[in-house]
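Down below is the structure, laid out as structure tokens.
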Protein chains: 4
Amino acid sequence: MKDIIGRAVESGRSVLKDGAVAMYIPELGKADPGALAAAFCGIDGTTAASGDKETKITIQSISKVASLGLAISLLGEKTLFSRVGVEPSADPFNSIMRLEMRAPHRPLNPMINSGAILVLSLLPFGDSNERLEAVLQTMRLLTANPRLRVNEGVAVSERDTSDRNRSLGFFLKSVGSMQGDVENILESYFRQCAIETTVEDLAVMGATLANEGVNPVSKEKVFSKRTSEILRSLMATCGLYDGSGDFAVRVGFPAKSGVGGGITGAIHGRGGVAAVGPALDGRGNSIGGIRALEILSDTLDLRIL
Amino acid sequence: MKDIIGRAVESGRSVLKDGAVAMYIPELGKADPGALAAAFCGIDGTTAASGDKETKITIQSISKVASLGLAISLLGEKTLFSRVGVEPSADPFNSIMRLEMRAPHRPLNPMINSGAILVLSLLPFGDSNERLEAVLQTMRLLTANPRLRVNEGVAVSERDTSDRNRSLGFFLKSVGSMQGDVENILESYFRQCAIETTVEDLAVMGATLANEGVNPVSKEKVFSKRTSEILRSLMATCGLYDGSGDFAVRVGFPAKSGVGGGITGAIHGRGGVAAVGPALDGRGNSIGGIRALEILSDTLDLRIL
Amino acid sequence: MKDIIGRAVESGRSVLKDGAVAMYIPELGKADPGALAAAFCGIDGTTAASGDKETKITIQSISKVASLGLAISLLGEKTLFSRVGVEPSADPFNSIMRLEMRAPHRPLNPMINSGAILVLSLLPFGDSNERLEAVLQTMRLLTANPRLRVNEGVAVSERDTSDRNRSLGFFLKSVGSMQGDVENILESYFRQCAIETTVEDLAVMGATLANEGVNPVSKEKVFSKRTSEILRSLMATCGLYDGSGDFAVRVGFPAKSGVGGGITGAIHGRGGVAAVGPALDGRGNSIGGIRALEILSDTLDLRIL
Amino acid sequence: MKDIIGRAVESGRSVLKDGAVAMYIPELGKADPGALAAAFCGIDGTTAASGDKETKITIQSISKVASLGLAISLLGEKTLFSRVGVEPSADPFNSIMRLEMRAPHRPLNPMINSGAILVLSLLPFGDSNERLEAVLQTMRLLTANPRLRVNEGVAVSERDTSDRNRSLGFFLKSVGSMQGDVENILESYFRQCAIETTVEDLAVMGATLANEGVNPVSKEKVFSKRTSEILRSLMATCGLYDGSGDFAVRVGFPAKSGVGGGITGAIHGRGGVAAVGPALDGRGNSIGGIRALEILSDTLDLRIL
């Protein structure tokens, strides 16, 4: 298995030159564009990894899966999806125009920034730290890694540069789609995006989603079967922003990406597969990571679509 | 199996009162809103159906799967997707505004009307009849039903009322995204939409796609494995227009709908499942059909997402 | 006066190199990008011109003023503006997306293509020739030039390349904003755009509008005072497409441009001023013409804004 | 003159029942929907008023004329309009979507909220109070009323409810169109909107703009001739938001409205005319005020378009 993963990583390295690390958050700009790693974690809990597997990245948008799962668990599917849609969007992750264009002015899905911010606002925590802790704890359970922590330097960098997210937050509030204190909500958003992980963490996270919410390493139940189904469904249709359709065609399983360079995939009944590679394509997805996962999908017959 | 399908149909009947038959094409308006049927065809070729299984509907947008598969087979994946995108859209099926809003002004995906019209224009047939025959023949192979024919009354009705499709066609031409004679292309589009099928035809079609392109009833190879993968992927992300995300969450497998009231689903390695019910929801999808498929997905454990 | 106009034309010549003739209609592409002329016609009927005043251009969008005035005269202000708006648009002249974006899906104003096509459809003529004759006759009255005729070569060229206008027409019909036979309506649209004029014709036309609808040369009443006010108002806010605001700031009087290179201005109580110069700026307005009119506005104190 | 104005006010009262006071800022909601007044100030400085002329309203968007004039005076026309456009928009005053839709992502014109906020950010004042004082001082000069002051209660109410303006501000910053501290800029924006005026103040302001920038009451020069031209031009094309075209057709002179219920018009060479009436139409313009101005335009022959 390790060899198979190694060959996928090698193939992924060949396209790294066409990508670039995210520059809009200065701390992310310091990442190594040459780093690439991939990992697999079966639903039996066995894990294998290859490449720069010690590379730490911040999870960024991958955290949206954790906060959404938490919100479904706490509020119920029906309540949650009365406030945010489930339709994939062809717009970039930080787009605002559809919020204005169409009544009822709610985010199209929870995987774009506006949707993720709204989901956070629905969590029953008034305090920003408490909210962050709940999401962080969920990530720890998903990864079976109790040592996961926020990279506070990146969090500060996010906060200082995230005027677009502020614009989204205040817009949602202005149209009545969101309640609460925008800066307070964003504070936990910036910090959850800055949770630091490795490729193995992400593979275990994917395996937990693939295993109907039970972490195959720790054996702990993190989410219900139904919550896991919903998360996998949204990952399949909206997980890679406006590159979701391309990923479905090329790679063929549910996955979620982040601009830190991580991608975590969940193959129902098989396990989780992940890649880490900070060099991104034009839509903000790990360019080498997608390639490595494409190879792994073929070699290990992981395609479900 | 027949009983299971029967119970799903009964459940579907309970929501029919919330739907309405498509009225924008007069001939479609004559359909029976109370009709509902469902069917399953395994990849071993065994078929079961229940409900109003003799009901004939025109396939409408389900034909887009056939013409797209044919186009991929004839032109190759790379050429085809240099002309049309693969990203799901949150816009209605007949939307035009994104074609203007964004360079390169090409349709977001082949499952919305603009994309399907463009795909037709790429087929290597100058003659409208020849083009229609090729698509019809593909549909016959997919359904193992050599008697499939065009309902010419519906085709005429489509032609007479399809100013939006004309607008899409001329727009694509005006921005240089499409070549050829718009009316000639639309002529075959209107007719392929009017191909008449039953729920069993659609279940066999789904099973063929689920079986990597080999029709399990006739044993004939219609599409390659790769073409089948692409079709299933696009069905999963874009198959039910702006209701694709909702279908993925609720039902969880690749499917394609049409405003005639048909839905055909393809579950890789398991088989095809279909529903026919002309009463539609607000997005143009069979309201009872979705419900019946949701029940079948649960009962038969068909969910892949 | 002739010298003043001559100096304005010389100033206009200096910017011609930054423009280009319209290429999307092949016949327009044959125009001389170096040609430039300007003219003034007072409300006393005295006319002066300078530059390439023999240059003939097709009026293109300037014809929208004639057909709109005719429509107001025949249908009344209230009826007409229940079908088309009066708001300036920041979109290009051939934009379609707002027609979809906003109910009631009617054109924002009669000076963009969709609005002009709709206005034509409201004229009480079923026959394309009759409709064209009525607009042509209005243009002859406005210019006091009974010899005005359609350049049929350009008309054919328009018809052959006007897929965008077809798209607009069919869209309007599909949303129920327009009735009638689209091709029939477009046929007269293409031909009215191809009416051939000189800069002196256009100056007289402007003077007629400035003189409350009475042609100061022929002394004939073409439009009522109120119709003239409406036309001048719409020219002021929407006359130069998405360059209308810039023209108001720089030049400061109501005007209408066409992609043939003509601009006709109407200064209430003073007279008409016109320019002809086929080299266009990026928004489709005569680049030298705007410059010449800017100079004339300053020198002759024509600014009303 | 007073009688003429009185009759215009009476006519305006007849439509008040179709309007409603602005509710989105709680303090504005307390205004009297039955109040209506109008006034005229000639370029000789003589003033006449009728109706509820003691009614005080906050100027709201009318302040945009003052801050824009100040910005042009301090920065120059060229610099200023390299940062904000001059094209009228068919979008509501608080629209955000075009900022995203179109590069270079700058506000279409300085009369919509995003444009006005950007203009403020360009003023050479780092301190919010200083910036406010400069605009307030400009307003005092325009109105010849040194006692003009901010209604701090309304200012607080604006600040507390202005999430849409925050969204616009942060968006402009996120796309690099605006620099500076968003909350600091908005602080002076909220306060300048809350400057309290009467209908006579607004008539004098209009007369100053009509008189090429020289206040006809105080004889002080507030703006240059060119700045006055620019302001009148933008008022003519963009002064009443997405009701600008309708106002041009119905009333026919440059004007600027505010959601407090004020409208100030500037008729070049004639004088200023104003109305105050807090009951608004659907686009946020004084419903009775527009009617009163329409009557005055007819009676006093104020139309310039």
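In the structure tokens, chains take the letters A, B, ... in the order shown, each chain's residues start at 1, and ligands count up from 1 in the order shown.
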
Residues of chain A within 8 Å of chain D, counting only C-alpha atoms, as a list in words: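 Matching residues, ligands excluded from the count: Ser95, Ile96, Met97, Arg98, Glu100, Met101, Thr161, Ser162, Asp163, Arg164, Arg166, Ser167, Leu168, Gly169, Phe170, Phe171, Lys173, Ser174 and Val175 of chain A.
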
Same residues, N, CA and C atoms, saved as a PDB file, in the first residue's frame:
ATOM      1  N   SER A  95     -17.769  33.956  -3.038  1.00  0.00           N
ATOM      2  CA  SER A  95     -18.693  34.777  -3.816  1.00  0.00           C
ATOM      3  C   SER A  95     -19.831  35.322  -2.961  1.00  0.00           C
ATOM      4  N   ILE A  96     -20.265  36.536  -3.290  1.00  0.00           N
ATOM      5  CA  ILE A  96     -21.333  37.181  -2.530  1.00  0.00           C
ATOM      6  C   ILE A  96     -22.547  37.440  -3.418  1.00  0.00           C
ATOM      7  N   MET A  97     -22.379  37.464  -4.744  1.00  0.00           N
ATOM      8  CA  MET A  97     -23.438  38.047  -5.553  1.00  0.00           C
ATOM      9  C   MET A  97     -24.745  37.269  -5.539  1.00  0.00           C
ATOM     10  N   ARG A  98     -24.658  35.945  -5.409  1.00  0.00           N
ATOM     11  CA  ARG A  98     -25.889  35.187  -5.366  1.00  0.00           C
ATOM     12  C   ARG A  98     -26.707  35.440  -4.104  1.00  0.00           C
ATOM     13  N   GLU A 100     -27.258  38.227  -2.926  1.00  0.00           N
ATOM     14  CA  GLU A 100     -28.134  39.347  -3.238  1.00  0.00           C
ATOM     15  C   GLU A 100     -29.133  38.993  -4.337  1.00  0.00           C
ATOM     16  N   MET A 101     -28.649  38.233  -5.309  1.00  0.00           N
ATOM     17  CA  MET A 101     -29.435  38.026  -6.526  1.00  0.00           C
ATOM     18  C   MET A 101     -30.738  37.290  -6.277  1.00  0.00           C
ATOM     19  N   THR A 161      -6.631  39.625   7.352  1.00  0.00           N
ATOM     20  CA  THR A 161      -6.747  39.726   5.899  1.00  0.00           C
ATOM     21  C   THR A 161      -8.118  39.296   5.403  1.00  0.00           C
ATOM     22  N   SER A 162      -9.033  39.101   6.313  1.00  0.00           N
ATOM     23  CA  SER A 162     -10.258  38.450   5.877  1.00  0.00           C
ATOM     24  C   SER A 162     -11.425  39.406   5.701  1.00  0.00           C
ATOM     25  N   ASP A 163     -11.186  40.484   4.968  1.00  0.00           N
ATOM     26  CA  ASP A 163     -12.257  41.446   4.739  1.00  0.00           C
ATOM     27  C   ASP A 163     -13.396  40.857   3.901  1.00  0.00           C
ATOM     28  N   ARG A 164     -13.073  39.920   3.035  1.00  0.00           N
ATOM     29  CA  ARG A 164     -14.146  39.322   2.254  1.00  0.00           C
ATOM     30  C   ARG A 164     -15.095  38.531   3.161  1.00  0.00           C
ATOM     31  N   ARG A 166     -15.626  39.135   6.278  1.00  0.00           N
ATOM     32  CA  ARG A 166     -16.410  40.136   7.013  1.00  0.00           C
ATOM     33  C   ARG A 166     -17.567  40.631   6.149  1.00  0.00           C
ATOM     34  N   SER A 167     -17.261  40.899   4.886  1.00  0.00           N
ATOM     35  CA  SER A 167     -18.300  41.382   3.972  1.00  0.00           C
ATOM     36  C   SER A 167     -19.432  40.359   3.874  1.00  0.00           C
ATOM     37  N   LEU A 168     -19.073  39.081   3.752  1.00  0.00           N
ATOM     38  CA  LEU A 168     -20.085  38.028   3.691  1.00  0.00           C
ATOM     39  C   LEU A 168     -20.913  37.992   4.974  1.00  0.00           C
ATOM     40  N   GLY A 169     -20.229  38.075   6.116  1.00  0.00           N
ATOM     41  CA  GLY A 169     -20.925  38.018   7.400  1.00  0.00           C
ATOM     42  C   GLY A 169     -21.897  39.170   7.575  1.00  0.00           C
ATOM     43  N   PHE A 170     -21.426  40.376   7.285  1.00  0.00           N
ATOM     44  CA  PHE A 170     -22.320  41.533   7.454  1.00  0.00           C
ATOM     45  C   PHE A 170     -23.456  41.507   6.426  1.00  0.00           C
ATOM     46  N   PHE A 171     -23.172  40.978   5.250  1.00  0.00           N
ATOM     47  CA  PHE A 171     -24.258  40.872   4.266  1.00  0.00           C
ATOM     48  C   PHE A 171     -25.347  39.927   4.769  1.00  0.00           C
ATOM     49  N   LYS A 173     -26.071  39.196   7.683  1.00  0.00           N
ATOM     50  CA  LYS A 173     -26.817  39.823   8.774  1.00  0.00           C
ATOM     51  C   LYS A 173     -27.776  40.876   8.229  1.00  0.00           C
ATOM     52  N   SER A 174     -27.315  41.632   7.256  1.00  0.00           N
ATOM     53  CA  SER A 174     -28.148  42.732   6.736  1.00  0.00           C
ATOM     54  C   SER A 174     -29.425  42.236   6.063  1.00  0.00           C
ATOM     55  N   VAL A 175     -29.373  41.042   5.504  1.00  0.00           N
ATOM     56  CA  VAL A 175     -30.581  40.520   4.860  1.00  0.00           C
ATOM     57  C   VAL A 175     -31.389  39.627   5.798  1.00  0.00           C
TER      58      VAL A 175
END

C:Gly272 environment, 9 Å, only C-alpha atoms, sequence neighbours closer than 4 positions dropped, as a VMD selection string: chain C and resid 39 to 43 202 to 211 264 to 268

All residues 12 Å or closer to B:Glu196, only C-alpha atoms, same chain fewer than 3 positions away omitted, as a PyMOL selection string: chain B and resi 28+54-60+62-63+136+139-140+143+145-155+191-193+199-202+258+260-262+276

Per-residue DSSP, stretch 61-186 of chain B, filtered to alpha helix (DSSP H), as an MDAnalysis selection string: chainID B and resid 63:75 77:80 97:101 113:122 128:143 152:161 163:174 182:186

Spatial neighbours of A:Gly180, 9 Å, only C-alpha atoms, chain gap at least 4 places, as a list in words: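 In the requested format, the answer is Ser121, Leu122, Gly126, Lys173, Asn184 and Ile185 of chain A.
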
Restricting the output to C-alpha atoms, write the selected residues as a PDB file, in the first residue's frame.
ATOM      1  CA  SER A 121     -23.689  31.285  13.766  1.00  0.00           C
ATOM      2  CA  LEU A 122     -26.303  28.594  14.358  1.00  0.00           C
ATOM      3  CA  GLY A 126     -22.419  32.694  22.410  1.00  0.00           C
ATOM      4  CA  LYS A 173     -26.817  39.823   8.774  1.00  0.00           C
ATOM      5  CA  ASN A 184     -17.521  37.074  17.325  1.00  0.00           C
ATOM      6  CA  ILE A 185     -18.615  34.440  14.811  1.00  0.00           C
TER       7      ILE A 185
END

Gap from atom CA of A:Gly69 to atom CA of B:Gly239 - Å, one decimal: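 Between atom CA of A:Gly69 and atom CA of B:Gly239 the gap works out to 25.2 Å.
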
Stretch 80-269 of chain A: residues DSSP assigns to strand (DSSP E or B), reported as an MDAnalysis selection string: chainID A and resid 150 195:197 214 221 255:257 262:267

Save the residues we just selected, all heavy atoms, as a CSV table (one decimal), in the first residue's frame?
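Output file selection.csv is given in full below:
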chain,number,residue,atom,x,y,z
A,150,VAL,N,-4.8,24.9,17.3
A,150,VAL,CA,-4.9,26.0,16.4
A,150,VAL,C,-3.5,26.6,16.2
A,150,VAL,O,-2.8,26.9,17.2
A,150,VAL,CB,-5.9,27.1,16.9
A,150,VAL,CG1,-5.8,28.4,16.1
A,150,VAL,CG2,-7.3,26.5,17.0
A,195,ILE,N,-6.6,25.3,12.3
A,195,ILE,CA,-6.3,24.1,13.0
A,195,ILE,C,-5.2,23.3,12.2
A,195,ILE,O,-5.4,23.2,11.0
A,195,ILE,CB,-7.5,23.2,13.2
A,195,ILE,CG1,-8.5,23.9,14.2
A,195,ILE,CG2,-7.1,21.8,13.7
A,195,ILE,CD1,-9.9,23.2,14.3
A,196,GLU,N,-4.2,22.9,12.8
A,196,GLU,CA,-3.1,22.3,12.1
A,196,GLU,C,-3.2,20.8,12.1
A,196,GLU,O,-3.4,20.2,13.1
A,196,GLU,CB,-1.8,22.7,12.9
A,196,GLU,CG,-0.6,23.1,11.9
A,196,GLU,CD,0.5,23.8,12.7
A,196,GLU,OE1,0.7,23.4,13.9
A,196,GLU,OE2,1.0,24.8,12.2
A,197,THR,N,-2.9,20.3,10.9
A,197,THR,CA,-3.1,18.8,10.7
A,197,THR,C,-2.0,18.3,9.8
A,197,THR,O,-1.3,19.0,9.1
A,197,THR,CB,-4.4,18.4,10.0
A,197,THR,OG1,-4.5,19.2,8.8
A,197,THR,CG2,-5.6,18.7,10.9
A,214,VAL,N,-18.1,6.5,12.8
A,214,VAL,CA,-17.3,5.8,13.8
A,214,VAL,C,-15.8,5.9,13.5
A,214,VAL,O,-15.4,5.4,12.4
A,214,VAL,CB,-17.7,4.4,14.1
A,214,VAL,CG1,-16.9,3.7,15.1
A,214,VAL,CG2,-19.2,4.3,14.5
A,221,LYS,N,-17.6,6.9,18.3
A,221,LYS,CA,-18.7,7.4,17.4
A,221,LYS,C,-18.7,8.9,17.4
A,221,LYS,O,-18.9,9.5,18.5
A,221,LYS,CB,-20.0,6.9,17.8
A,221,LYS,CG,-21.1,7.2,16.8
A,221,LYS,CD,-22.4,6.5,17.2
A,221,LYS,CE,-23.5,6.7,16.1
A,221,LYS,NZ,-23.1,6.0,14.8
A,255,ALA,N,-15.1,14.4,-1.4
A,255,ALA,CA,-13.9,14.9,-0.8
A,255,ALA,C,-14.1,16.4,-0.4
A,255,ALA,O,-15.0,17.0,-0.9
A,255,ALA,CB,-12.7,14.8,-1.7
A,256,LYS,N,-13.3,16.9,0.5
A,256,LYS,CA,-13.3,18.3,0.8
A,256,LYS,C,-11.9,18.8,0.8
A,256,LYS,O,-11.0,18.2,1.4
A,256,LYS,CB,-13.9,18.5,2.2
A,256,LYS,CG,-14.0,20.0,2.7
A,256,LYS,CD,-15.2,20.7,1.9
A,256,LYS,CE,-15.0,22.2,1.9
A,256,LYS,NZ,-14.1,22.6,0.8
A,257,SER,N,-11.7,20.0,0.2
A,257,SER,CA,-10.4,20.6,0.1
A,257,SER,C,-10.3,21.9,1.0
A,257,SER,O,-11.3,22.4,1.4
A,257,SER,CB,-10.1,21.0,-1.3
A,257,SER,OG,-11.1,22.0,-1.7
A,262,GLY,N,-4.8,20.9,1.8
A,262,GLY,CA,-5.3,19.6,2.2
A,262,GLY,C,-6.5,19.2,1.4
A,262,GLY,O,-7.2,20.0,0.9
A,263,ILE,N,-6.6,17.9,1.2
A,263,ILE,CA,-7.9,17.3,0.7
A,263,ILE,C,-8.1,16.0,1.5
A,263,ILE,O,-7.2,15.2,1.6
A,263,ILE,CB,-7.8,16.9,-0.8
A,263,ILE,CG1,-7.3,18.1,-1.7
A,263,ILE,CG2,-9.1,16.5,-1.4
A,263,ILE,CD1,-7.1,17.8,-3.2
A,264,THR,N,-9.4,15.8,1.9
A,264,THR,CA,-9.7,14.6,2.6
A,264,THR,C,-10.9,14.0,1.8
A,264,THR,O,-11.9,14.6,1.6
A,264,THR,CB,-10.0,14.8,4.1
A,264,THR,OG1,-10.2,13.5,4.7
A,264,THR,CG2,-11.2,15.6,4.3
A,265,GLY,N,-10.7,12.7,1.5
A,265,GLY,CA,-11.8,12.0,0.8
A,265,GLY,C,-12.4,10.9,1.6
A,265,GLY,O,-11.7,10.3,2.5
A,266,ALA,N,-13.6,10.6,1.4
A,266,ALA,CA,-14.3,9.5,2.2
A,266,ALA,C,-15.0,8.5,1.2
A,266,ALA,O,-15.9,8.9,0.5
A,266,ALA,CB,-15.3,10.2,3.1
A,267,ILE,N,-14.5,7.3,1.2
A,267,ILE,CA,-15.1,6.3,0.3
A,267,ILE,C,-15.9,5.3,1.2
A,267,ILE,O,-15.3,4.5,1.9
A,267,ILE,CB,-14.0,5.6,-0.5
A,267,ILE,CG1,-13.2,6.6,-1.3
A,267,ILE,CG2,-14.6,4.5,-1.4
A,267,ILE,CD1,-11.9,7.0,-0.7

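The two atoms in question, atom CA of A:Ala31 and atom CA of A:Gly277, are spaced 9.2 Å apart.
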
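Reported to one decimal place, the separation of atom CA of C:Tyr241 from atom CA of D:Glu229 is 20.9 Å.
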
Test item: residues at most 9 Å from stretch 286-292 of chain B, only C-alpha atoms, excluding those fewer than 5 positions along its chain, as JSON, numbers by chain: {"B": [5, 7, 8, 9, 10, 11, 12, 13, 14, 15, 16, 18, 19, 20, 21, 36, 37, 38, 247, 250, 251, 257, 258, 259, 260, 261, 262, 263, 274, 275, 276, 277, 278, 279, 280, 281, 297]}

Near-C:Lys2 list (7 Å; only C-alpha atoms; drop same-chain fewer than 3 positions) as an MDAnalysis selection string: chainID C and resid 5:6 48:50

Neighbour list for A:Val84 as number ranges by chain, cut-off 10 Å, only C-alpha atoms, skip fewer than 3 positions in-chain: A: 79-81, 87, 104-110, 114-116, 118-119, 177

Residue with smallest distance to D:Asn129 - pool D:Gly271, D:Ile112, D:Phe190, D:Ala103, counting only C-alpha atoms: D:Phe190
